[in-house]
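Peer 1: Dumping the structure here so I can ask a few things about it.
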Amino acid sequence: MKKLLQLDIIFTFILMVWGGVVRSAGAGLACPDWPLCHGRFLPPIRVDIVLEMTHRLLASLVVFLTLALLILIVRDNNLKEKYLKLVVSAFILLIAQAVLGGVTVLAGTPHYFVTFHLGVALIFFSLLLSMWLRLSNPSVIPAKAGIQTFTILLLLLIYIQILVGGVVASSHAGLICGPEFPKCLGVWVPHFFDYRIVFHFLHRILAYVVFIFVVGFTIYGFKQAIPSKLKSALFGILGITLFQLALGIGNVMFALPYAVRVLHLAFAIGLFTMVYVMLYKLRFTMSS
């Protein structure tokens, strides 16, 4: 089960990042129909079509891995007792996600569908991580409630920031403020005459909030009675946050380089993963 679950987590991560590749390349409607592509199982070979079809194939692989995981758990009474609810929830969510992906394409990839698609993907990914963490049997960590609350708030902030970033990317609002930073259209506080400016500006503000929160989280965490490994992880979270800020600024100042946009999403998911794992070890293992 461990290797199967590990593969599922890895390919889910790749799938989410590849979604960013497709979006950044403007290939979301390379196949305007679903589940076929241009009415065919084997569509014409074109770069944008290859990108979109790779995304669909990765999604199919994740469905297959999750179904295999579900069958494995259902057939084993010991595994069923521990993981059945999680794996059933994950599989149902995954089927809903597949349908949502099809609806998103058929609707013309509106930004609200694309963002919802990303949000559901992160929840599915979290369920897989929960199973992995339970399977790994981490030791109980006697952390105080304060840092657990701090971690939950930080995780929620990062989740919201990723979704807001999804709106910015899918609505092509990355350069709505022009290639300037930290101002927007030459002013510190722009006039909100366009919803894209609202989300772009909100994304910037939340980036500062997340950074300040992470700095406070690191300082607070070092004062708590938690293992040295988790204290080292705090530095990792801080480092990724700083790198994310640099990528975000680079996106604006260098007019959204393709590689930087994809890296920005990948590291955002990585940051979410690190904080989620820390939350599990601080909070959910308390009852084990």
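Labels used: A, B, ... for chains in the order of the structure tokens, numbers from 1 for residues in each chain, and numbers from 1 for ligands as shown.
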Any idea what's packed within 7 Å of region 163-173 of chain A, counting only C-alpha atoms, ignoring anything in its chain fewer than 2 positions away? Could you give it as a PyMOL selection string?
Peer 2: chain A and resi 23+111-112+114-115+119+159-161+175-176+196+199-200+203
Peer 1: I'd like the contact shell of Ala259 (chain A) - 10 Å cut-off, only C-alpha atoms, skipping same-chain residues fewer than 5 positions apart - returned as an mmCIF file with C-alpha atoms, in the first residue's frame.
Peer 2:
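The new file part_32.cif reads:
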data_model
loop_
_atom_site.group_PDB
_atom_site.id
_atom_site.type_symbol
_atom_site.label_atom_id
_atom_site.label_comp_id
_atom_site.auth_asym_id
_atom_site.auth_seq_id
_atom_site.Cartn_x
_atom_site.Cartn_y
_atom_site.Cartn_z
ATOM 1 C CA VAL A 21 1.695 24.272 -17.411
ATOM 2 C CA SER A 24 0.296 29.138 -18.649
ATOM 3 C CA ASN A 251 6.521 37.223 -12.528
ATOM 4 C CA HIS A 264 5.395 29.664 -8.599
#
Peer 1: Show me, as a ChimeraX atom specification, the residues that have an atom within 9 Å of region 49-62 of chain A when counting only C-alpha atoms, minus same-chain residues fewer than 2 positions from it.
Peer 2: /A:7-9,11-12,14-16,18-19,21-22,25,27-31,35,37,43-47,64-67,94,98
Peer 1: For the residues in the current selection, export C-alpha atoms as an mmCIF file, in the first residue's frame.
Peer 2:
data_model
loop_
_atom_site.group_PDB
_atom_site.id
_atom_site.type_symbol
_atom_site.label_atom_id
_atom_site.label_comp_id
_atom_site.auth_asym_id
_atom_site.auth_seq_id
_atom_site.Cartn_x
_atom_site.Cartn_y
_atom_site.Cartn_z
ATOM 1 C CA LEU A 7 2.847 7.012 -6.436
ATOM 2 C CA ASP A 8 -0.646 8.472 -6.104
ATOM 3 C CA ILE A 9 0.677 11.454 -4.143
ATOM 4 C CA PHE A 11 1.362 11.917 -9.680
ATOM 5 C CA THR A 12 -1.314 14.095 -8.047
ATOM 6 C CA ILE A 14 2.585 16.445 -10.980
ATOM 7 C CA LEU A 15 -1.018 16.658 -12.224
ATOM 8 C CA MET A 16 -1.665 19.907 -10.325
ATOM 9 C CA TRP A 18 0.876 20.258 -15.093
ATOM 10 C CA GLY A 19 -2.461 22.038 -14.869
ATOM 11 C CA VAL A 21 1.695 24.272 -17.411
ATOM 12 C CA VAL A 22 -1.465 23.923 -19.531
ATOM 13 C CA ALA A 25 0.622 27.886 -22.227
ATOM 14 C CA ALA A 27 -3.761 25.317 -23.901
ATOM 15 C CA GLY A 28 -6.843 24.845 -21.728
ATOM 16 C CA LEU A 29 -9.100 24.745 -24.795
ATOM 17 C CA ALA A 30 -6.682 22.929 -27.094
ATOM 18 C CA CYS A 31 -9.273 20.149 -26.843
ATOM 19 C CA PRO A 35 -13.757 13.297 -22.911
ATOM 20 C CA CYS A 37 -10.358 15.666 -28.158
ATOM 21 C CA PRO A 43 -6.281 13.881 -31.793
ATOM 22 C CA PRO A 44 -3.975 15.801 -34.139
ATOM 23 C CA ILE A 45 -0.436 16.209 -32.854
ATOM 24 C CA ARG A 46 0.107 19.832 -31.900
ATOM 25 C CA VAL A 47 2.009 21.303 -28.957
ATOM 26 C CA PHE A 64 -6.486 4.362 -11.708
ATOM 27 C CA LEU A 65 -4.057 4.599 -8.754
ATOM 28 C CA THR A 66 -6.774 5.805 -6.388
ATOM 29 C CA LEU A 67 -9.152 3.048 -7.523
ATOM 30 C CA LEU A 94 -11.721 12.512 -7.451
ATOM 31 C CA ALA A 98 -12.955 14.553 -13.147
#
Peer 1: Give me every alpha helix (DSSP H) residue in region 73-286 of chain A, going by DSSP on the backbone, as a PyMOL selection string.
Peer 2: chain A and resi 73-74+77-106+111-136+145-170+195-222+228-253+258-282
Peer 1: Need to verify the contact set: Phe201 (chain A), 9 Å, only C-alpha atoms, exclusion of same-chain residues closer than 5 positions in sequence. Can you return it as a list in words?
Peer 2: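 Residues meeting the cut-off are Cys177, Cys184, Val189, Pro190, Arg196 and Leu206 of chain A.
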Peer 1: Please produce a file of those selected residues containing C-alpha atoms, as a short mmCIF file (atom, residue, chain, number, x, y, z; two decimals), in the first residue's frame.
Peer 2:
data_model
loop_
_atom_site.label_atom_id
_atom_site.label_comp_id
_atom_site.auth_asym_id
_atom_site.auth_seq_id
_atom_site.Cartn_x
_atom_site.Cartn_y
_atom_site.Cartn_z
CA CYS A 177 -1.20 46.30 -12.79
CA CYS A 184 -0.06 49.05 -9.28
CA VAL A 189 -3.74 51.67 -3.94
CA PRO A 190 -5.35 51.34 -7.39
CA ARG A 196 -9.05 41.45 -12.09
CA LEU A 206 -2.05 38.16 0.94
#
Peer 1: Let me make sure I understand: among A:Val210, A:Leu79, A:Val262, A:Val88, which one has the smallest atom-to-atom distance to Leu155 (chain A) if we use only C-alpha atoms?
Peer 2: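 Ranking A:Val210, A:Leu79, A:Val262, A:Val88 by distance to Leu155 (chain A), first place goes to A:Val210.
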Peer 1: Between CA of Val120 (chain A) and CA of Gln97 (chain A), what is the distance, to one decimal in Å?
Peer 2: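 One can read the CA of Val120 (chain A) to CA of Gln97 (chain A) distance as 6.7 Å.
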Peer 1: Would you mind telling me which residue in A:Val275, A:Ala90, A:Val99, A:Leu157 lies nearest to Gly236 (chain A) when using only C-alpha atoms?
Peer 2: A:Val275
Peer 1: When you look at Thr218 (chain A) with a cut-off of 9 Å (counting only C-alpha atoms), what residues show up, excluding the ones that are within fewer than 4 positions of it in the same chain? I need them as a PyMOL selection string.
Peer 2: chain A and resi 213-214+222-223+231+234-235+237-238
Peer 1: For the residues selected in the previous step, produce a file with N, CA and C atoms as an mmCIF file, in the first residue's frame.
Peer 2:
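Wrote it out as selection_3.cif, contents follow:
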data_model
loop_
_atom_site.group_PDB
_atom_site.id
_atom_site.type_symbol
_atom_site.label_atom_id
_atom_site.label_comp_id
_atom_site.auth_asym_id
_atom_site.auth_seq_id
_atom_site.Cartn_x
_atom_site.Cartn_y
_atom_site.Cartn_z
ATOM 1 N N PHE A 213 3.106 36.241 8.581
ATOM 2 C CA PHE A 213 2.593 35.143 9.398
ATOM 3 C C PHE A 213 3.643 34.049 9.548
ATOM 4 N N VAL A 214 4.343 33.737 8.462
ATOM 5 C CA VAL A 214 5.372 32.692 8.507
ATOM 6 C C VAL A 214 6.529 33.119 9.408
ATOM 7 N N PHE A 222 9.854 28.247 17.530
ATOM 8 C CA PHE A 222 11.132 27.981 18.183
ATOM 9 C C PHE A 222 11.050 28.125 19.695
ATOM 10 N N LYS A 223 10.020 28.764 20.170
ATOM 11 C CA LYS A 223 9.857 28.929 21.617
ATOM 12 C C LYS A 223 9.060 27.779 22.229
ATOM 13 N N LYS A 231 11.518 22.032 14.158
ATOM 14 C CA LYS A 231 12.083 23.379 14.199
ATOM 15 C C LYS A 231 12.895 23.648 12.936
ATOM 16 N N LEU A 234 10.604 24.516 10.151
ATOM 17 C CA LEU A 234 10.159 25.911 10.179
ATOM 18 C C LEU A 234 11.031 26.774 9.273
ATOM 19 N N PHE A 235 12.342 26.521 9.296
ATOM 20 C CA PHE A 235 13.255 27.257 8.418
ATOM 21 C C PHE A 235 12.978 26.928 6.946
ATOM 22 N N ILE A 237 10.035 26.125 5.692
ATOM 23 C CA ILE A 237 8.813 26.857 5.346
ATOM 24 C C ILE A 237 9.131 28.332 5.095
ATOM 25 N N LEU A 238 9.966 28.908 5.938
ATOM 26 C CA LEU A 238 10.351 30.310 5.769
ATOM 27 C C LEU A 238 11.122 30.506 4.468
#
